[in-house]
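Pasted below: entry11.cif, mmCIF, C-alpha atoms.
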```cif
data_upload
#
loop_
_atom_site.label_atom_id
_atom_site.label_comp_id
_atom_site.auth_asym_id
_atom_site.auth_seq_id
_atom_site.Cartn_x
_atom_site.Cartn_y
_atom_site.Cartn_z
CA ILE A 24 0.00 0.00 0.00
CA SER A 25 1.59 3.26 -1.07
CA ALA A 26 1.40 6.44 0.93
CA LYS A 27 -0.81 9.05 -0.68
CA MET A 28 1.39 11.09 -2.92
CA VAL A 29 1.03 14.83 -2.85
CA LEU A 30 1.79 16.93 -5.86
CA SER A 31 3.73 20.06 -5.00
CA ALA A 32 2.87 23.45 -6.47
CA VAL A 33 5.77 23.04 -8.89
CA ASP A 34 4.50 19.59 -9.94
CA THR A 35 1.05 21.05 -10.56
CA THR A 36 2.50 23.81 -12.72
CA HIS A 37 4.46 21.25 -14.74
CA VAL A 38 1.43 19.00 -15.18
CA HIS A 39 -0.59 21.96 -16.48
CA THR A 40 2.25 23.03 -18.79
CA VAL A 41 2.43 19.60 -20.40
CA LEU A 42 -1.30 18.84 -20.54
CA ASP A 43 -2.06 22.26 -22.03
CA HIS A 44 -0.21 20.97 -25.08
CA VAL A 45 -2.29 17.80 -25.07
CA LYS A 46 -5.56 19.71 -25.31
CA GLY A 47 -6.86 19.44 -28.85
CA HIS A 48 -4.80 16.30 -29.46
CA GLU A 49 -6.42 13.97 -26.95
CA ASP A 50 -7.48 11.47 -29.61
CA THR A 51 -4.16 11.37 -31.52
CA TYR A 52 -1.94 11.19 -28.47
CA GLY A 53 -4.30 8.81 -26.71
CA ALA A 54 -4.48 6.48 -29.70
CA GLU A 55 -0.69 6.47 -29.97
CA ALA A 56 -0.15 5.78 -26.27
CA LEU A 57 -2.58 2.87 -26.44
CA ASN A 58 -1.00 1.51 -29.62
CA ARG A 59 2.46 1.65 -28.05
CA THR A 60 1.10 -0.11 -24.95
CA PHE A 61 -0.47 -2.90 -27.01
CA THR A 62 2.65 -3.26 -29.18
CA SER A 63 5.20 -3.42 -26.34
CA HIS A 64 3.03 -5.26 -23.83
CA PRO A 65 0.57 -7.40 -25.79
CA GLN A 66 -0.88 -8.91 -22.63
CA THR A 67 -2.66 -5.60 -22.08
CA LYS A 68 -4.92 -6.43 -25.02
CA THR A 69 -6.73 -8.86 -22.76
CA TYR A 70 -9.11 -6.10 -21.71
CA PHE A 71 -10.08 -5.29 -25.27
CA HIS A 72 -11.43 -8.50 -26.79
CA GLY A 73 -13.29 -7.93 -30.01
CA LYS A 74 -12.10 -4.35 -30.41
CA ASP A 75 -10.22 -3.14 -33.48
CA LEU A 76 -6.79 -2.36 -32.03
CA ALA A 77 -5.06 -1.70 -35.35
CA GLU A 78 -2.86 1.41 -35.36
CA ASN A 79 -5.06 4.48 -35.96
CA SER A 80 -8.32 2.52 -35.77
CA ALA A 81 -11.48 4.44 -34.93
CA TYR A 82 -11.66 2.54 -31.65
CA LEU A 83 -8.12 3.51 -30.63
CA HIS A 84 -8.90 7.14 -31.36
CA SER A 85 -12.17 7.16 -29.44
CA HIS A 86 -10.77 5.24 -26.48
CA GLY A 87 -7.53 7.18 -26.52
CA LYS A 88 -9.51 10.40 -26.44
CA LYS A 89 -11.48 9.12 -23.46
CA VAL A 90 -8.31 8.29 -21.52
CA MET A 91 -6.45 11.51 -22.30
CA SER A 92 -9.52 13.66 -21.63
CA ALA A 93 -9.89 12.04 -18.22
CA LEU A 94 -6.26 12.93 -17.50
CA VAL A 95 -6.76 16.53 -18.64
CA ASN A 96 -9.85 16.78 -16.41
CA ALA A 97 -8.02 15.30 -13.43
CA SER A 98 -5.18 17.77 -13.92
CA ALA A 99 -7.56 20.61 -13.12
CA HIS A 100 -7.85 19.11 -9.62
CA CYS A 101 -4.27 18.23 -8.71
CA ASP A 102 -5.01 18.93 -5.05
CA ASN A 103 -7.85 16.39 -5.05
CA ILE A 104 -7.21 13.75 -7.69
CA TYR A 105 -9.01 11.05 -5.71
CA GLY A 106 -12.12 13.22 -5.58
CA ALA A 107 -11.95 14.17 -9.24
CA LEU A 108 -11.69 10.51 -10.30
CA ASP A 109 -14.27 9.13 -7.87
CA LYS A 110 -16.71 7.84 -10.50
CA LEU A 111 -13.95 6.38 -12.68
CA SER A 112 -12.55 4.76 -9.55
CA ASP A 113 -15.88 2.99 -8.97
CA MET A 114 -15.92 1.88 -12.62
CA HIS A 115 -12.41 0.41 -12.40
CA ALA A 116 -13.08 -1.33 -9.09
CA HIS A 117 -16.45 -2.87 -9.87
CA GLU A 118 -16.62 -3.21 -13.65
CA LEU A 119 -13.28 -3.00 -15.41
CA MET A 120 -10.99 -4.47 -12.75
CA VAL A 121 -7.87 -3.69 -14.79
CA ASP A 122 -4.94 -5.28 -12.94
CA PRO A 123 -3.07 -2.54 -11.08
CA ALA A 124 0.20 -3.71 -12.70
CA ASN A 125 -0.99 -2.22 -15.96
CA PHE A 126 -1.14 1.39 -14.81
CA PRO A 127 2.65 1.91 -14.74
CA ILE A 128 2.81 0.29 -18.19
CA LEU A 129 0.29 2.76 -19.61
CA ALA A 130 2.02 5.62 -17.78
CA HIS A 131 5.33 4.69 -19.42
CA ASN A 132 3.72 4.66 -22.86
CA ILE A 133 1.98 7.98 -22.28
CA LEU A 134 5.33 9.51 -21.31
CA VAL A 135 7.03 8.06 -24.40
CA THR A 136 4.22 9.45 -26.57
CA LEU A 137 4.57 12.88 -24.96
CA ALA A 138 8.33 12.76 -25.49
CA ILE A 139 7.77 12.02 -29.17
CA HIS A 140 5.41 14.94 -29.69
CA LEU A 141 6.60 17.44 -27.10
CA PRO A 142 10.36 16.85 -26.72
CA GLN A 143 11.06 20.43 -25.62
CA VAL A 144 8.17 20.42 -23.16
CA LEU A 145 8.91 17.10 -21.48
CA THR A 146 12.04 18.28 -19.72
CA PRO A 147 13.40 16.03 -16.96
CA ALA A 148 11.66 18.25 -14.40
CA CYS A 149 8.28 18.03 -16.17
CA HIS A 150 8.86 14.31 -16.71
CA VAL A 151 9.08 13.61 -12.99
CA SER A 152 5.99 15.72 -12.25
CA LEU A 153 3.99 13.89 -14.93
CA ASP A 154 5.20 10.56 -13.58
CA LYS A 155 4.04 11.50 -10.07
CA PHE A 156 0.70 12.68 -11.46
CA LEU A 157 0.16 9.47 -13.45
CA CYS A 158 1.11 7.39 -10.38
CA GLU A 159 -1.46 9.22 -8.30
CA VAL A 160 -4.09 8.76 -11.01
CA GLY A 161 -3.32 5.02 -11.05
CA ASP A 162 -3.63 4.87 -7.27
CA ALA A 163 -6.91 6.79 -7.38
CA LEU A 164 -8.34 4.37 -9.92
CA THR A 165 -7.30 1.23 -8.05
CA HIS A 166 -7.76 2.20 -4.41
CA LYS A 167 -11.28 0.76 -4.13
CA TYR A 168 -10.32 -2.69 -5.49
CA ARG A 169 -10.21 -4.13 -1.98
CA MET B 28 13.41 -13.28 -24.38
CA THR B 29 14.04 -13.66 -28.09
CA LEU B 30 14.65 -10.77 -30.40
CA THR B 31 13.20 -11.34 -33.86
CA THR B 32 15.15 -10.41 -36.98
CA ALA B 33 12.99 -7.31 -37.26
CA ASP B 34 13.70 -6.36 -33.63
CA LYS B 35 17.45 -6.72 -34.17
CA ALA B 36 17.35 -4.52 -37.27
CA LEU B 37 15.46 -1.81 -35.36
CA VAL B 38 17.91 -1.92 -32.45
CA VAL B 39 20.91 -1.67 -34.75
CA SER B 40 19.46 1.08 -36.91
CA ILE B 41 18.51 3.34 -34.03
CA PHE B 42 21.80 2.70 -32.25
CA GLY B 43 23.52 3.86 -35.42
CA LYS B 44 21.96 7.27 -34.89
CA VAL B 45 22.72 7.30 -31.17
CA SER B 46 26.38 6.40 -31.43
CA SER B 47 27.65 9.89 -32.14
CA HIS B 48 25.64 11.32 -29.22
CA LYS B 49 26.47 8.79 -26.52
CA GLU B 50 27.63 11.42 -24.03
CA ALA B 51 24.71 13.80 -24.46
CA TYR B 52 21.96 11.18 -24.67
CA GLY B 53 23.52 8.96 -22.01
CA ALA B 54 23.76 11.92 -19.65
CA GLU B 55 20.14 12.85 -20.37
CA ALA B 56 18.86 9.34 -19.75
CA LEU B 57 20.69 9.21 -16.43
CA PHE B 58 19.50 12.67 -15.42
CA ARG B 59 15.90 11.68 -16.19
CA LEU B 60 16.42 8.52 -14.15
CA PHE B 61 17.78 10.39 -11.14
CA SER B 62 15.11 13.11 -11.43
CA SER B 63 12.18 10.69 -11.65
CA PHE B 64 13.43 7.98 -9.32
CA GLY B 65 15.49 9.48 -6.54
CA GLN B 66 16.25 6.09 -5.02
CA SER B 67 18.48 5.29 -8.01
CA LYS B 68 20.94 7.93 -6.81
CA THR B 69 21.98 5.67 -3.98
CA TYR B 70 24.63 4.09 -6.18
CA PHE B 71 26.22 7.42 -7.10
CA SER B 72 27.11 9.22 -3.90
CA HIS B 73 30.51 9.85 -5.44
CA PHE B 74 29.12 11.62 -8.52
CA ASP B 75 28.15 15.14 -9.42
CA LEU B 76 24.59 14.42 -10.59
CA SER B 77 23.72 17.91 -11.75
CA GLN B 78 22.33 18.23 -15.27
CA GLY B 79 25.08 18.07 -17.86
CA SER B 80 27.83 17.31 -15.35
CA ALA B 81 31.09 15.75 -16.51
CA ASP B 82 30.31 12.68 -14.36
CA LEU B 83 26.93 12.20 -16.03
CA LYS B 84 28.40 12.60 -19.51
CA ARG B 85 31.22 10.19 -18.85
CA HIS B 86 29.00 7.60 -17.24
CA GLY B 87 26.21 8.10 -19.77
CA ALA B 88 28.68 7.43 -22.57
CA LYS B 89 29.82 4.28 -20.77
CA VAL B 90 26.26 2.95 -20.40
CA LEU B 91 25.27 3.66 -24.01
CA GLY B 92 28.64 2.32 -25.16
CA ALA B 93 27.90 -0.96 -23.41
CA LEU B 94 24.47 -1.07 -25.06
CA GLY B 95 26.22 -0.49 -28.37
CA GLU B 96 28.53 -3.44 -27.71
CA ALA B 97 25.49 -5.51 -26.88
CA ALA B 98 23.78 -4.36 -30.08
CA SER B 99 26.72 -5.72 -32.10
CA HIS B 100 26.46 -9.10 -30.39
CA LEU B 101 22.73 -9.68 -30.26
CA ASP B 102 23.17 -13.39 -30.90
CA ASN B 103 25.58 -13.82 -28.03
CA LEU B 104 24.70 -11.40 -25.25
CA ASP B 105 25.83 -13.74 -22.44
CA GLN B 106 29.37 -13.81 -23.70
CA ALA B 107 29.54 -10.18 -24.84
CA LEU B 108 28.33 -8.92 -21.45
CA SER B 109 30.06 -11.52 -19.30
CA LYS B 110 32.54 -9.13 -17.65
CA LEU B 111 29.85 -6.52 -17.02
CA SER B 112 27.66 -9.25 -15.61
CA ASP B 113 30.42 -10.18 -13.12
CA LEU B 114 30.86 -6.51 -12.24
CA HIS B 115 27.18 -6.05 -11.46
CA ALA B 116 26.88 -9.31 -9.53
CA TYR B 117 29.96 -9.11 -7.32
CA ASN B 118 30.79 -5.45 -7.20
CA LEU B 119 27.98 -3.02 -8.06
CA ARG B 120 24.96 -5.08 -6.96
CA VAL B 121 22.49 -2.64 -8.45
CA ASP B 122 19.03 -3.78 -7.39
CA PRO B 123 17.34 -5.41 -10.41
CA ALA B 124 14.34 -3.08 -10.09
CA ASN B 125 16.51 -0.21 -11.25
CA PHE B 126 17.11 -1.71 -14.68
CA GLN B 127 13.48 -1.15 -15.63
CA LEU B 128 13.63 2.42 -14.40
CA LEU B 129 16.74 3.05 -16.52
CA SER B 130 15.09 1.32 -19.48
CA HIS B 131 12.13 3.68 -19.20
CA SER B 132 14.44 6.71 -18.98
CA ILE B 133 16.46 5.60 -22.01
CA GLN B 134 13.27 5.05 -24.02
CA VAL B 135 11.91 8.50 -23.16
CA THR B 136 15.26 10.02 -24.18
CA LEU B 137 15.24 8.14 -27.50
CA ALA B 138 11.64 9.18 -28.10
CA ALA B 139 12.48 12.84 -27.50
CA HIS B 140 15.40 12.82 -29.96
CA PHE B 141 14.08 10.45 -32.63
CA PRO B 142 10.35 11.11 -32.87
CA ALA B 143 10.12 9.72 -36.38
CA ASP B 144 12.31 6.67 -35.82
CA PHE B 145 11.11 5.60 -32.38
CA THR B 146 7.96 3.98 -33.75
CA PRO B 147 5.87 1.62 -31.62
CA GLU B 148 7.72 -1.31 -33.22
CA ALA B 149 11.10 0.27 -32.50
CA GLN B 150 10.03 0.98 -28.92
CA SER B 151 8.98 -2.63 -28.47
CA ALA B 152 12.29 -3.86 -29.92
CA TRP B 153 14.28 -1.58 -27.60
CA ASP B 154 12.21 -2.59 -24.60
CA LYS B 155 12.97 -6.24 -25.35
CA PHE B 156 16.63 -5.48 -26.06
CA ILE B 157 17.22 -3.58 -22.81
CA SER B 158 15.29 -6.28 -20.93
CA ALA B 159 17.57 -8.92 -22.42
CA VAL B 160 20.69 -6.93 -21.49
CA SER B 161 19.36 -6.35 -17.97
CA GLY B 162 18.67 -10.06 -17.64
CA VAL B 163 22.30 -10.87 -18.44
CA LEU B 164 23.62 -8.19 -16.07
CA THR B 165 21.57 -9.57 -13.16
CA SER B 166 21.94 -13.26 -14.05
CA LYS B 167 24.81 -13.99 -11.64
CA TYR B 168 23.35 -12.23 -8.59
CA ARG B 169 22.38 -15.59 -7.07
#
```

Please re-express this file's structure in C-alpha cells.
Amino acid sequence: ISAKMVLSAVDTTHVHTVLDHVKGHEDTYGAEALNRTFTSHPQTKTYFHGKDLAENSAYLHSHGKKVMSALVNASAHCDNIYGALDKLSDMHAHELMVDPANFPILAHNILVTLAIHLPQVLTPACHVSLDKFLCEVGDALTHKYR
Amino acid sequence: MTLTTADKALVVSIFGKVSSHKEAYGAEALFRLFSSFGQSKTYFSHFDLSQGSADLKRHGAKVLGALGEAASHLDNLDQALSKLSDLHAYNLRVDPANFQLLSHSIQVTLAAHFPADFTPEAQSAWDKFISAVSGVLTSKYR
C-alpha cells in the first residue's frame, strides 16, 4: 500500500504546462499511447477483446480520447485527484478491474508518446511531475479494489 | 526473451543514430532517471549528478557504449556482457528493479530525440533489447 502522494505546487504547474499541449490532441496522443502499450506489452490487449486495435483505428482514437480527456480533467484538480476521479474509480473497481500492474505500463507509454510529440516540453523536471501525477491517477483508480 | 530479426534490425538502426551522441543522450537518460526515481541515486554518492555534469556525460557514454557493444552481439549477449555481468553481480549489486527504471528513462530520451524513428515497433524492440541486457547483467546475482 503506497502512501498518498502529494503533488507540489511546482508539480502542478508542470502538469498543467504539459497537458495544455495535449488539449486538442487527446485522440491522436491517446491512440498512440494505447497503440504503443499494445505493441510493447501485448498482454494488455486482454481487456479489449473484439475491439479493433489496429494502429489508428477508430476505436483507438475514441478510447484514446477518453483516456487523455480524463487525465486533462483530473489535472484541473491536482489537489484532489481522488475526488476528481471518484466515478472512474468505482468503474475500475467494480466493472473493469484492470490489474493494477498495468497502470505503470500505460504511464510509461503515455510519457514516451509525450516525449515524441513534445520533446522540448517534457524536460526532466516536467517528466518527474507527470510521472508523479500518473502514479497518483493510477492509485486513485485502483484504491477501491479491496 | 528472443529478439526477432525485425527487432534486431530496429535496435541496430537506431543505435547507429545514437552512437555519435552517446555522451549527451547517455547523460540525459541518467538525469531523467535520477530526477524521476530518486532512489536510483543511492549508487552514485561519489558523482556530481547535476544536469550536464562531466560525471553524467562520462557515465552516460559508458552505459550507451555498453548497449552499443550488446547491439553488435545480439546473438551472443551472455558472452559479450560476461565481464559486465560479473561486475554487477559481485561489485555493483544494483538492485534489479533499477534496470526497468533506466530502461524507461532511455526510451523517453530516444523518443524525444528520434520522434520519427522511435515507432511503436522500435520501442517494443528496444524494450525487449534492454530487458535482455538487464537479464544478463543480473543473471549472476544468485

Distance cut-off 12 Å, counting only C-alpha atoms - which residues of chain B neighbour chain A? Return them as number ranges by chain.
B: 34, 54-65, 77-79, 127-156, 158

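Using only C-alpha atoms, the protein and nucleic acid residues lying at most 9 Å from the point (-4.7, 8.8, -10.9) are Leu94, Ala97, Ile104, Tyr105, Leu108, Ser112, Phe156, Leu157, Cys158, Glu159, Val160, Gly161, Asp162, Ala163, Leu164 and Thr165 of chain A.
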
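Atom pair atom CA of B:Leu108 / atom CA of B:Glu96: separated by 8.3 Å.
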
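Taking atom CA of B:Ser80 and atom CA of B:Asn118 as the two end points, the separation is 24.4 Å.
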
Atom pair atom CA of B:Phe74 + atom CA of B:Ile41, distance 28.8 Å

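Every protein, DNA or RNA residue with an atom at most 10 Å from A:Tyr70, where all atoms listed in the file count and chain neighbours fewer than 6 positions away do not, is listed here: Leu119, Met120, Val121 and Asp122 of chain A.
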
Name the residues that the PyMOL selection byres ((chain B and resi 93) around 12) picks from the file above, as a PyMOL selection string, using the file's chain letters and numbers.
chain B and resi 42+46+49+53+86-92+94-100+104+107-112+157+160-161+164

Centre, edges in Å (one decimal): axis-aligned box, stretch 121-135 of chain A, 8 Å padding on all six sides, as AutoDock Vina command-line options:
```
--center_x -0.4 --center_y 2.1 --center_z -17.7 --size_x 30.9 --size_y 30.8 --size_z 29.3
```

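The shortest atom-to-atom distance to A:Lys68, with all atoms listed in the file taken into account, belongs to A:Asn125 out of A:Ser85, A:Thr51, A:Asn125, A:Ser31.
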
In the coordinates of the file, take the point (-1.0, 17.6, -8.9) and a cut-off of 6 Å; then, counting only C-alpha atoms, name each qualifying protein, DNA or RNA residue as an MDAnalysis selection string.
chainID A and resid 30 34:35 101:102 156

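Comparing the minimum interatomic distances between A:Val29 and each of A:His100, A:Lys167, A:His84, A:His44, counting all atoms listed in the file, we find that A:His100 sits nearest.
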
Just the residues within 9 Å of A:Leu42, please, counting all atoms listed in the file, with nothing from its chain fewer than 4 positions along; format it as a list of chain:residue names.
A:His37, A:Val38, A:Lys46, A:Leu94, A:Val95, A:Ser98

Complete stretch 95-106 of chain B with all heavy atoms (output as a PDB file, keeping the file's coordinate frame).
```
ATOM      1  N   GLY B  95      25.755  -0.379 -26.999  1.00  0.00           N
ATOM      2  CA  GLY B  95      26.220  -0.490 -28.370  1.00  0.00           C
ATOM      3  C   GLY B  95      26.962  -1.794 -28.608  1.00  0.00           C
ATOM      4  O   GLY B  95      26.761  -2.482 -29.617  1.00  0.00           O
ATOM      5  N   GLU B  96      27.827  -2.151 -27.649  1.00  0.00           N
ATOM      6  CA  GLU B  96      28.530  -3.440 -27.710  1.00  0.00           C
ATOM      7  C   GLU B  96      27.517  -4.567 -27.782  1.00  0.00           C
ATOM      8  O   GLU B  96      27.636  -5.495 -28.592  1.00  0.00           O
ATOM      9  CB  GLU B  96      29.356  -3.645 -26.422  1.00  0.00           C
ATOM     10  CG  GLU B  96      30.825  -3.383 -26.542  1.00  0.00           C
ATOM     11  CD  GLU B  96      31.508  -4.197 -27.617  1.00  0.00           C
ATOM     12  OE1 GLU B  96      31.750  -5.410 -27.405  1.00  0.00           O
ATOM     13  OE2 GLU B  96      31.772  -3.627 -28.698  1.00  0.00           O
ATOM     14  N   ALA B  97      26.524  -4.482 -26.913  1.00  0.00           N
ATOM     15  CA  ALA B  97      25.490  -5.510 -26.880  1.00  0.00           C
ATOM     16  C   ALA B  97      24.768  -5.572 -28.215  1.00  0.00           C
ATOM     17  O   ALA B  97      24.470  -6.656 -28.727  1.00  0.00           O
ATOM     18  CB  ALA B  97      24.496  -5.233 -25.748  1.00  0.00           C
ATOM     19  N   ALA B  98      24.512  -4.400 -28.802  1.00  0.00           N
ATOM     20  CA  ALA B  98      23.780  -4.360 -30.080  1.00  0.00           C
ATOM     21  C   ALA B  98      24.580  -5.024 -31.199  1.00  0.00           C
ATOM     22  O   ALA B  98      24.006  -5.481 -32.189  1.00  0.00           O
ATOM     23  CB  ALA B  98      23.441  -2.916 -30.445  1.00  0.00           C
ATOM     24  N   SER B  99      25.916  -5.051 -31.067  1.00  0.00           N
ATOM     25  CA  SER B  99      26.720  -5.720 -32.100  1.00  0.00           C
ATOM     26  C   SER B  99      26.863  -7.214 -31.849  1.00  0.00           C
ATOM     27  O   SER B  99      27.481  -7.920 -32.640  1.00  0.00           O
ATOM     28  CB  SER B  99      28.141  -5.164 -32.178  1.00  0.00           C
ATOM     29  OG  SER B  99      28.164  -3.827 -31.885  1.00  0.00           O
ATOM     30  N   HIS B 100      26.327  -7.673 -30.721  1.00  0.00           N
ATOM     31  CA  HIS B 100      26.460  -9.100 -30.390  1.00  0.00           C
ATOM     32  C   HIS B 100      25.131  -9.662 -29.941  1.00  0.00           C
ATOM     33  O   HIS B 100      25.057 -10.403 -28.952  1.00  0.00           O
ATOM     34  CB  HIS B 100      27.491  -9.289 -29.272  1.00  0.00           C
ATOM     35  CG  HIS B 100      28.878  -8.861 -29.653  1.00  0.00           C
ATOM     36  ND1 HIS B 100      29.345  -7.587 -29.452  1.00  0.00           N
ATOM     37  CD2 HIS B 100      29.888  -9.550 -30.246  1.00  0.00           C
ATOM     38  CE1 HIS B 100      30.587  -7.496 -29.905  1.00  0.00           C
ATOM     39  NE2 HIS B 100      30.941  -8.668 -30.391  1.00  0.00           N
ATOM     40  N   LEU B 101      24.076  -9.307 -30.684  1.00  0.00           N
ATOM     41  CA  LEU B 101      22.730  -9.680 -30.260  1.00  0.00           C
ATOM     42  C   LEU B 101      22.523 -11.180 -30.202  1.00  0.00           C
ATOM     43  O   LEU B 101      21.623 -11.654 -29.516  1.00  0.00           O
ATOM     44  CB  LEU B 101      21.697  -9.028 -31.184  1.00  0.00           C
ATOM     45  CG  LEU B 101      21.585  -7.507 -31.010  1.00  0.00           C
ATOM     46  CD1 LEU B 101      20.713  -6.912 -32.107  1.00  0.00           C
ATOM     47  CD2 LEU B 101      21.021  -7.162 -29.649  1.00  0.00           C
ATOM     48  N   ASP B 102      23.346 -11.936 -30.923  1.00  0.00           N
ATOM     49  CA  ASP B 102      23.170 -13.390 -30.900  1.00  0.00           C
ATOM     50  C   ASP B 102      23.989 -14.035 -29.801  1.00  0.00           C
ATOM     51  O   ASP B 102      23.944 -15.249 -29.630  1.00  0.00           O
ATOM     52  CB  ASP B 102      23.565 -13.982 -32.261  1.00  0.00           C
ATOM     53  CG  ASP B 102      22.577 -13.559 -33.326  1.00  0.00           C
ATOM     54  OD1 ASP B 102      21.386 -13.449 -32.993  1.00  0.00           O
ATOM     55  OD2 ASP B 102      22.994 -13.313 -34.473  1.00  0.00           O
ATOM     56  N   ASN B 103      24.732 -13.234 -29.068  1.00  0.00           N
ATOM     57  CA  ASN B 103      25.580 -13.820 -28.030  1.00  0.00           C
ATOM     58  C   ASN B 103      25.765 -12.830 -26.880  1.00  0.00           C
ATOM     59  O   ASN B 103      26.886 -12.472 -26.525  1.00  0.00           O
ATOM     60  CB  ASN B 103      26.924 -14.198 -28.639  1.00  0.00           C
ATOM     61  CG  ASN B 103      27.670 -15.145 -27.733  1.00  0.00           C
ATOM     62  OD1 ASN B 103      27.196 -15.480 -26.648  1.00  0.00           O
ATOM     63  ND2 ASN B 103      28.844 -15.560 -28.148  1.00  0.00           N
ATOM     64  N   LEU B 104      24.644 -12.408 -26.308  1.00  0.00           N
ATOM     65  CA  LEU B 104      24.700 -11.400 -25.250  1.00  0.00           C
ATOM     66  C   LEU B 104      25.410 -11.902 -24.011  1.00  0.00           C
ATOM     67  O   LEU B 104      26.145 -11.160 -23.362  1.00  0.00           O
ATOM     68  CB  LEU B 104      23.280 -10.951 -24.868  1.00  0.00           C
ATOM     69  CG  LEU B 104      22.583  -9.996 -25.845  1.00  0.00           C
ATOM     70  CD1 LEU B 104      21.193  -9.650 -25.323  1.00  0.00           C
ATOM     71  CD2 LEU B 104      23.391  -8.726 -26.039  1.00  0.00           C
ATOM     72  N   ASP B 105      25.213 -13.184 -23.662  1.00  0.00           N
ATOM     73  CA  ASP B 105      25.830 -13.740 -22.440  1.00  0.00           C
ATOM     74  C   ASP B 105      27.329 -13.550 -22.461  1.00  0.00           C
ATOM     75  O   ASP B 105      27.930 -13.119 -21.485  1.00  0.00           O
ATOM     76  CB  ASP B 105      25.514 -15.237 -22.313  1.00  0.00           C
ATOM     77  CG  ASP B 105      24.109 -15.464 -21.805  1.00  0.00           C
ATOM     78  OD1 ASP B 105      23.681 -14.699 -20.925  1.00  0.00           O
ATOM     79  OD2 ASP B 105      23.443 -16.392 -22.279  1.00  0.00           O
ATOM     80  N   GLN B 106      27.916 -13.887 -23.612  1.00  0.00           N
ATOM     81  CA  GLN B 106      29.370 -13.810 -23.700  1.00  0.00           C
ATOM     82  C   GLN B 106      29.830 -12.347 -23.787  1.00  0.00           C
ATOM     83  O   GLN B 106      30.755 -11.944 -23.099  1.00  0.00           O
ATOM     84  CB  GLN B 106      29.843 -14.580 -24.926  1.00  0.00           C
ATOM     85  CG  GLN B 106      31.324 -14.833 -24.889  1.00  0.00           C
ATOM     86  CD  GLN B 106      31.723 -15.887 -25.922  1.00  0.00           C
ATOM     87  OE1 GLN B 106      30.949 -16.258 -26.793  1.00  0.00           O
ATOM     88  NE2 GLN B 106      32.949 -16.347 -25.830  1.00  0.00           N
TER      89      GLN B 106
END
```
